[in-house]
Amino acid sequence: MTTKTVRNVHVRTTINGQEMEFLVPPYMSLLDALREVVGLTGTKEGCNDGNCGACTVDLDGRIVDSCLVLAPEAEGKEVNTIEGMATPQGLHPLQQAFLEEAALQCGICTPGFLVAAKGLLDNEPDPDEHRIRHWLAGNLCRCTGYDKIVRAVEKAAKA
Amino acid sequence: MVATFEPKQEYRVIGTRPIRHDGYDKVTGRAIYGADVKMPGMVWADALRSPHAHAIIKSVDTSEAESLPGVLAVATAADMPALEGKEVDLGEGTVNFKWASDNILASDKALYAGHVIAAVAAIDRNTAQEAIKRIEVEYEPLPSATNVAEALADDAPVLLLDLQGNDLGEKVSNTNMAAHNRHELGNPEKGFEQCSLIVEREFTMQMVHQGYIEPHNATAFWDEEDRIRIWTSTQGAFPVRKQTAGLLDLDESRLKVTPLEIGGGFGGKIPVYLEPIAAILSRKSGRPVKMVMDRKNVFEATGPAPGGKVRVKIGVDDNGKIIAATSDIYFEAGAYPGSAVGAAEQCVFACYDIPHTRIDSYDVVVNKPKSAAYRAPGSPQVAMATESVVDEICEKKGWDKIDFRLKNAAKEGTRRADGPIYPRIGLIETLEASQKSPHWNAPLDPDPDNGRKRGRGIAAGYWFNVGLKSAVNLSVNEDGVVSLVEGSTDIGGTRASVAMQAAEVLGLEAHEVRPVVADTESIGYTDVTGGSRVCYATGYAAFIAANNLADEMKKRAAMLWGIDVSDVHFQDGVFSSKTDPELNLHFRELAGKLGDTGGAVTSTGSVDLEDAGGGFGVHIADVDVDPETGKTDVTRYTVVQDAGKAIHPAYVEGQMQGGAVQGIGWALNEEYYMENDGVMANSTFLDYRMPTSLDLPNIETIIVEVPNPIHPFGVRGVGEVPIAPPLATVANAIHDAVGVRLLETPMKAGNIVEALEKENS
Amino acid sequence: MHPFEYVAPTSVEGAVKVLGEHGERARPIAGGTDVLVQLRGGRYELDAIVDVKNIPELMQIRNDSDGLEFGAAVACYQLYEDPGISAEYPGIIDAASLIGGIQIQSRAGLGGNLCNAAPSADGIGPLIVYKAVAKITGPNGSREVAVEDFCTAPGRTVLQRGELVVSISVPKPPKGFGAAYERFIPRNEMDIAVAGVASSVQLDSSGHTFEASRIALASVGPTPILCGYEPGSSGYDDPLAGKSVSEDSIAAAGKLARGSASPINDMRGTIEQRRHLVDVLTRRTIGLAVERARAAL
Ligand SMILES: Cc1cc2nc3c(=O)[nH]c(=O)nc-3n(C[C@H](O)[C@H](O)[C@H](O)COP(=O)(O)OP(=O)(O)OC[C@H]3O[C@@H](n4cnc5c(N)ncnc54)[C@H](O)[C@@H]3O)c2cc1C
Ligand code: FES
Ligand code: FES
């Protein structure tokens with residue numbers, strides 16, 4: 001019964017537009033694979049059980065908690081993380097709005113909120129406040145009381 | 001003598017809302033938090049924790065864990081220095097060394113479920129987790145006491161056999177009551193005789209957690225010279241150094257602590273938990289060792305806010321004056337003495353000018369994690385009690401709730417119940433602003449058409465704020481940009497608010513001062529980011545450093561112009577000659593000409609501020625209560641608060657909103673729900689139930705500015721005040737909606753229904 | 001976490017084979033929102049996890065005149081984002097759209113919800129009141145089990161070694177049918193039911209008389225409870241059949257449901273609170289079910 005009784009598995013996936021391959025233990029979460037294997041630490045761990053949304057990534061066009069996805073499940077899929085949100089041309093309007101509206105304090109929840117909010121605006125360009133609050137209910141923020149986050153998403157939607 | 005300042009009306013940078021300097025890194029995922037640290041050769045460690053709330057540790061056998069492939073080192077309490085009987089200063093006064101050490105790695109007894117018994121370093125996280133399962137511990141479980149009533153019962157199990165309780169100066173042994181203090185002012189018994197109405201209530205409150213999203217973490221490397229480097233998410237790098245050095249019995253200068261970005265703290269990331277363990281494991285393995293708690297560890301074994309009991313009795317005369325008030329405050333310290341009950345004494349009647357008061361406080365050890373600071377420690381619990389009783393008095397007497405508070409409000413010259421006399425404070429202005437607020441003046445429909453009952457509540461709250469030590473270094477770059485180095489870790493935008501104060505002095509834009517939070521070898525001693533002190537005290541240090549920098553720049557200008565330094569004038573960023581109007585240079589221009597004037601221009605500023613100037617807030621809430629289910633939703637919420645001077649108003653609002661929402665969670669749902677065996681049942685975010693975005697309305701804010709005379713820009717701490725009023729604000733709103741007064745937190749739906757049924761039968 | 005293998009078969013037979021080989025030491029993973037949490041929490045150890053999302057039968061959705069059939073690994077959002085299913089099966093959608101939050105709903109499904117057999121599961125009651133059936137395949141072939149007979153204890157089901165649920169089949173509701181699910185949670189999202197009630201009603205053509213009904217309770221017993229039914233038995237005592245739609249009859253159903261509940265005290269609620277909530281939620285869901293039934297008359 002050691003950790004070496006199972007072989008690592010090979011995963012081929014596209015991360016932030018870049019095709020990638022890596023080896024992971026089969027029980028490793030996508031979150032840990034991103035952070036520890038691929039080296040993308042922008043996706044955060046707050047609870048490791050699906051309750052805080054800090055680990056939110058976009059998996060084939062749907063937002064998911066990457067702590068509740070096994071890394072091998074990403075085989076053949078597209079993963080988009082906070083690191084892929086800005087382009088060389090500049091910040092995503094949501095990132096800009098978060099800065100302008102002071103929608104972050106400690107910032108640990110921010111990557112998760114941004115990826116989640118992008119998932120909303122990509123499909124619903126003009127959500128009302130209630131819809132934004134509903135969509136973001138899977139993301140906990142303990143610092144801001146959500147007010148400025150909601151306003152930033154509203155602002156980005158209008159931008 | 002404390003320096004005082006006349007506030008200016010007009011500022012260039014202060015009061016604006018620039019984008020914070022660290023913002024770009026934080027919206028792109030580049031910012032490095034403690035758990036993101038990686039270094040060559042780094043390994044992971046995890047800790048074995050007690051499943052029992054109270055047990056004797058009879059033996060610990062780590063041999064099987066040690067033989068697991070991939071395991072590099074194991075640590076137990078035997079690896080901690082044994083300094084039995086010694087007291088150490090870990091930054092908050094001296095503490096019993098054994099207790100402090102035992103809280104990190106239990107030696108003879110486990111005092112709460114989650115208490116660390118041993119730890120293992122291994123090649124990866126999963127191996128470490130698998131290894132700790134192989135440690136064999138023989139426990140002798142003991143009965144537990146997880147609340148004040150159980151801990152003070154005659155037959156209570158005694159947690160700390162070496163505890164000498166202090167009961168008003170008398171030593172008591174064989175007890176869980178660590179301390180009983182008293183403050184008395186005037187003659188409360190006589191005072192009550194003059195009252196026409198006396199209301200006395202006892203409130204029961206459950207322990208709550210700060211709930212920061214980032215779990216505790218630490219990475220340590222113990223090198224060949226016996227120097228230890230630590231990387232961690234902390235509210236204070238220097239206090240981490242002091243505590244870790246104290247616990248490992250090493251000179252402080254052997255440690256270098258590098259603070260990483262920190263994902264929330266609210267007081268809970270002041271104590272160290274993992275740092276000494278990671279250091280020991282690093283010494284034993286020769287590797288950098290990283291530890292990250294999981295969420296259950298965070299709930300079970302870090303430093304929550306005390307639950308307890310608060311009794312408050314207030315008497316008024318027919319003129320609407322409070323004549324006398326008494327309070328008995330019992331706080332759960334957790335497993336070792338030292339709850340926030342002392343701070344609670346200072347806050348319980350702080351909003352009022354009361355001639356006769358008595359406050360008794362009790363610090364009680366229980367089988368729960370040792371409590372720590374949580375945003376205005378102690379104040380929310382006592383504000384719940386006092387402000388609920390004040391509300392009841394106003395209801396019974398038919399008095400306007402703001403007028404009554406105005407009539408009794410503490411002001412400059414009022415003696416606070418525990419002794420100190422207030423300097424200039426802004427409670428009256430805050431109450432007046434509340435009275436004029438759109439929310440307070442909006443009509444309220446008690447029977448909205450959603451089948452709910454609607455009510456409105458109001459309450460006030462106080463926090464004294466702290467000053468303490470901060471240091472700031474400045475240096476001028478050739479392009480005029482000033483580098484600012486500070487020791488205050490930035491949890492919510494303080495890099496910006498500190499830099500803005502330097503920029504204001506130097507006539508620069510906010511982004512022209514570039515702030516950096518430094519390690520313990522790169523800046524002078526700086527106390528924790530806590531007590532609402534950073535914008536105030538580190539900002540003050542930045543003000544001093546900036547003035548020193550301007551003085552040095554004046555010398556350089558004088559040198560360049562060949563005039564006497566006394567002839568150089570500096571204002572709004574421009575150096576000029578007082579006599580020759582041709583000679584003037586903006587700070588930026590002068591910075592580019594420093595080449596041959598004597599090397600780099602640098603300055604420092606440091607402060608040790610005894611006073612801080614307290615802050616007050618008044619909150620207004622509308623709630624909808626479903627009378628059938630007891631479900632309570634906050635539908636409108638306003639925070640009114642005296643900020644002294646808001647340096648960056650958006651982040652001041654953010655503090656007000658965030659604090660209010662933590663208070664709303666505390667009021668309605670959050671609690672340590674303990675099973676009969678003393679184990680916390682709800683140690684996940686799912687069942688701890690902090691508010692989500694869908695549970696809240698927008699939080700309206702009104703910033704009142706009554707400048708703090710002892711700060712150059714009038715700043716008062718703003719971070720903590722806003723968590724004091726919400727518990728009572730929500731309780732009073734529930735009462736207004738459905739007519740029942742809950743004497744507890746959390747005010748759970750089921751309890752509201754039960755109270756309604758009792759009321760109706 | 002005890003190390004386990006990851007297996008991703010592409011056929012039902014493939015999955016049955018691995019599950020049969022490992023028995024208790026292997027489990028399917030659909031959305032993973034229960035199984036991964038339970039693994040990390042140390043509730044059990046596995047040697048293999050069987051990802052069933054690459055098996056076409058477990059990912060299919062069919063909605064036609066016979067009814068609705070969806071694969072056991074279909075995620076919640078696939079149901080509620082389908083306008084046809086949303087319109088025709090609102091009582092199921094009530095549950096599918098409130099499990100967890102958006103991130104959870106991207107992965108979690110009603111198949112996993114059912115197989116996890118949590119007393120608090122939101123998805124099971126609605127399936128029961130729609131008379132849904134679980135289609136199971138195992139080493140010995142296929143069988144069907146009514147959802148009300150599926151859960152046997154907390155976390156326990158009728159599934160035998162090597163068996164998996166392939167799909168869930170819901171008969172097409174007749175005219176005059178309406179259903180709804182409501183739960184009580186202290187927050188507004190991301191919470192586990194203190195109590196939940198699913199109700200369905202079959203009204204006569206006038207819309208004023210109940211012809212049939214079902215009331216299923218969540219979080220108030222070791223398994224979901226269908227009021228008036230003993231699991232495994234053939235008898236069913238319909239609480240509303242033949243009664244006129246009135247406040248009185250609905251209130252009586254609330255009382256009856258309250259009596260069927262056998263809750264416990266725990267961190268999420270007390271016995272008394274849960275019984276009370278069953279009464280309230282039964283009345284509310286019947287009211288909504290009637291409204292929905294009438295709208296479709
Ligand atoms: C943050 C959070 C919030 C949640 N909120 C809710 C909520 O509001 N309401 C609620 O009811 N639940 C909730 N849950 C629990 C969980 O999301 C649901 O039960 C969900 O429906 C499970 O579906 P899944 O596909 O993720 O199941 P999985 O975790 O994949 O599987 C669940 C169980 O079923 C077994 N299984 C899966 N597929 C099959 C199959 N085809 N055949 C046989 N066995 C199978 C698995 O082995 C496992 O034992 C929540 C969970 C989290 C983490
Ligand atoms: S870390 Fe994944 S949801 Fe919290
Ligand atoms: S900004 Fe700190 S948790 Fe959201």
# chains A, B, ... in the order shown; residues from 1 in each chain; ligands from 1
$ residues_near_ligand --ligand "ligand 3" --cutoff "9 Å" --atoms "only C-alpha atoms and all ligand atoms" --output "list of chain:residue names"
A:Ala54, A:Ala103, A:Leu104, A:Gln105, A:Cys106, A:Gly107, A:Ile108, A:Cys109, A:Thr110, A:Phe113, A:Asn139, A:Leu140, A:Cys141, A:Arg142, A:Cys143, A:Thr144, A:Gly145, A:Tyr146, A:Ile149, B:Gly211, B:Tyr212, B:Ile213, B:Glu214, B:Ile262, B:Gly263, B:Gly264, B:Gly265, B:Ile491, B:Gly492
$ select_by_dssp --residues "chain A" --states "alpha helix (DSSP H)" --output "ChimeraX atom specification"
/A:30-32,93-100,110-123,129-135,147-158
$ residues_around --residues "Val50 (chain C)" --least-positions-apart "5" --cutoff "7 Å" --atoms "only C-alpha atoms" --output "number ranges by chain"
C: 6-8, 15, 27-29
$ residues_near_ligand --ligand "ligand 2" --cutoff "6 Å" --atoms "only C-alpha atoms and all ligand atoms" --output "MDAnalysis selection string"
chainID A and resid 45:55 65:67
$ write_last_selection --atoms "all heavy atoms" --output "tab-separated table (two decimals), in the first residue's frame"
chain	number	residue	atom	x	y	z
A	45	GLU	N	-6.98	26.97	-4.40
A	45	GLU	CA	-7.71	25.99	-3.59
A	45	GLU	C	-8.20	26.66	-2.31
A	45	GLU	O	-7.43	27.21	-1.54
A	45	GLU	CB	-6.79	24.83	-3.20
A	45	GLU	CG	-7.46	23.83	-2.26
A	45	GLU	CD	-6.54	22.73	-1.76
A	45	GLU	OE1	-5.75	22.22	-2.56
A	45	GLU	OE2	-6.64	22.39	-0.57
A	46	GLY	N	-9.52	26.62	-2.12
A	46	GLY	CA	-10.07	27.17	-0.88
A	46	GLY	C	-10.67	26.10	0.01
A	46	GLY	O	-10.71	26.25	1.23
A	47	CYS	N	-11.18	25.02	-0.60
A	47	CYS	CA	-11.88	24.02	0.21
A	47	CYS	C	-11.62	22.60	-0.25
A	47	CYS	O	-11.75	21.67	0.52
A	47	CYS	CB	-13.38	24.30	0.19
A	47	CYS	SG	-14.12	24.07	-1.44
A	48	ASN	N	-11.31	22.43	-1.51
A	48	ASN	CA	-11.08	21.11	-2.08
A	48	ASN	C	-12.32	20.23	-2.02
A	48	ASN	O	-12.21	19.01	-2.08
A	48	ASN	CB	-9.90	20.43	-1.37
A	48	ASN	CG	-9.06	19.61	-2.32
A	48	ASN	OD1	-9.18	19.77	-3.54
A	48	ASN	ND2	-8.24	18.73	-1.80
A	49	ASP	N	-13.51	20.82	-1.85
A	49	ASP	CA	-14.70	19.99	-1.91
A	49	ASP	C	-15.90	20.68	-2.59
A	49	ASP	O	-17.05	20.39	-2.28
A	49	ASP	CB	-15.08	19.44	-0.53
A	49	ASP	CG	-15.39	20.54	0.47
A	49	ASP	OD1	-15.51	21.71	0.07
A	49	ASP	OD2	-15.51	20.22	1.67
A	50	GLY	N	-15.60	21.55	-3.51
A	50	GLY	CA	-16.68	22.08	-4.36
A	50	GLY	C	-17.51	23.19	-3.77
A	50	GLY	O	-18.54	23.54	-4.33
A	51	ASN	N	-17.05	23.75	-2.66
A	51	ASN	CA	-17.92	24.71	-1.98
A	51	ASN	C	-17.50	26.16	-2.07
A	51	ASN	O	-18.23	27.02	-1.58
A	51	ASN	CB	-18.03	24.32	-0.51
A	51	ASN	CG	-19.03	23.22	-0.34
A	51	ASN	OD1	-20.22	23.44	-0.52
A	51	ASN	ND2	-18.57	22.02	-0.05
A	52	CYS	N	-16.34	26.45	-2.66
A	52	CYS	CA	-15.92	27.85	-2.62
A	52	CYS	C	-15.71	28.45	-4.01
A	52	CYS	O	-15.69	29.67	-4.15
A	52	CYS	CB	-14.66	28.01	-1.79
A	52	CYS	SG	-13.17	27.43	-2.61
A	53	GLY	N	-15.53	27.63	-5.02
A	53	GLY	CA	-15.39	28.16	-6.37
A	53	GLY	C	-14.05	28.81	-6.66
A	53	GLY	O	-13.83	29.30	-7.77
A	54	ALA	N	-13.12	28.81	-5.70
A	54	ALA	CA	-11.82	29.45	-5.95
A	54	ALA	C	-11.06	28.72	-7.06
A	54	ALA	O	-10.18	29.28	-7.69
A	54	ALA	CB	-10.98	29.46	-4.67
A	55	CYS	N	-11.42	27.46	-7.26
A	55	CYS	CA	-10.71	26.64	-8.24
A	55	CYS	C	-11.44	26.59	-9.58
A	55	CYS	O	-11.15	25.72	-10.40
A	55	CYS	CB	-10.58	25.23	-7.69
A	55	CYS	SG	-12.20	24.45	-7.51
A	65	ASP	N	-15.75	23.27	-10.86
A	65	ASP	CA	-14.78	23.34	-9.78
A	65	ASP	C	-13.68	22.33	-10.11
A	65	ASP	O	-13.92	21.12	-10.11
A	65	ASP	CB	-15.42	22.96	-8.44
A	65	ASP	CG	-16.49	23.96	-8.02
A	65	ASP	OD1	-16.24	25.17	-8.16
A	65	ASP	OD2	-17.55	23.53	-7.53
A	66	SER	N	-12.47	22.83	-10.37
A	66	SER	CA	-11.43	21.90	-10.82
A	66	SER	C	-10.99	20.96	-9.72
A	66	SER	O	-10.36	19.94	-9.99
A	66	SER	CB	-10.23	22.66	-11.40
A	66	SER	OG	-9.66	23.50	-10.44
A	67	CYS	N	-11.34	21.26	-8.46
A	67	CYS	CA	-11.00	20.32	-7.39
A	67	CYS	C	-11.89	19.09	-7.46
A	67	CYS	O	-11.56	18.06	-6.89
A	67	CYS	CB	-11.12	20.98	-6.02
A	67	CYS	SG	-12.80	21.43	-5.52
$ residues_near_ligand --ligand "ligand 1" --cutoff "7 Å" --atoms "only C-alpha atoms and all ligand atoms" --output "PyMOL selection string"
(chain A and resi 49-51) or (chain B and resi 686) or (chain C and resi 27-37+52+58+72-73+75+98-101+104+107-116+120-123+163-166+190-193)
$ closest_residue --among "C:Ala134, C:Leu277, C:Val158, C:Ala179" --to "Val220 (chain C)" --atoms "only C-alpha atoms"
C:Leu277
$ interface_residues --of "chain C" --to "chain B" --cutoff "10 Å" --atoms "only C-alpha atoms" --output "list in words"
Met1, His2, Pro3, Gly41, Gly100, Phe184, Ile185, Pro186, Arg187, Asn188, Glu189, Met190, Asp191, Ile192, Asp266, Met267, Arg268, Gly269, Thr270, Glu272, Gln273, Arg274, His276, Leu277, Asp279, Val280 and Leu281 of chain C
$ select_by_dssp --residues "region 118-339 of chain B" --states "strand (DSSP E)" --output "MDAnalysis selection string"
chainID B and resid 118:122 136:141 165:167 170:172 177:185 197:205 217:222 228:232 255:259 289:292 308:316 322:334
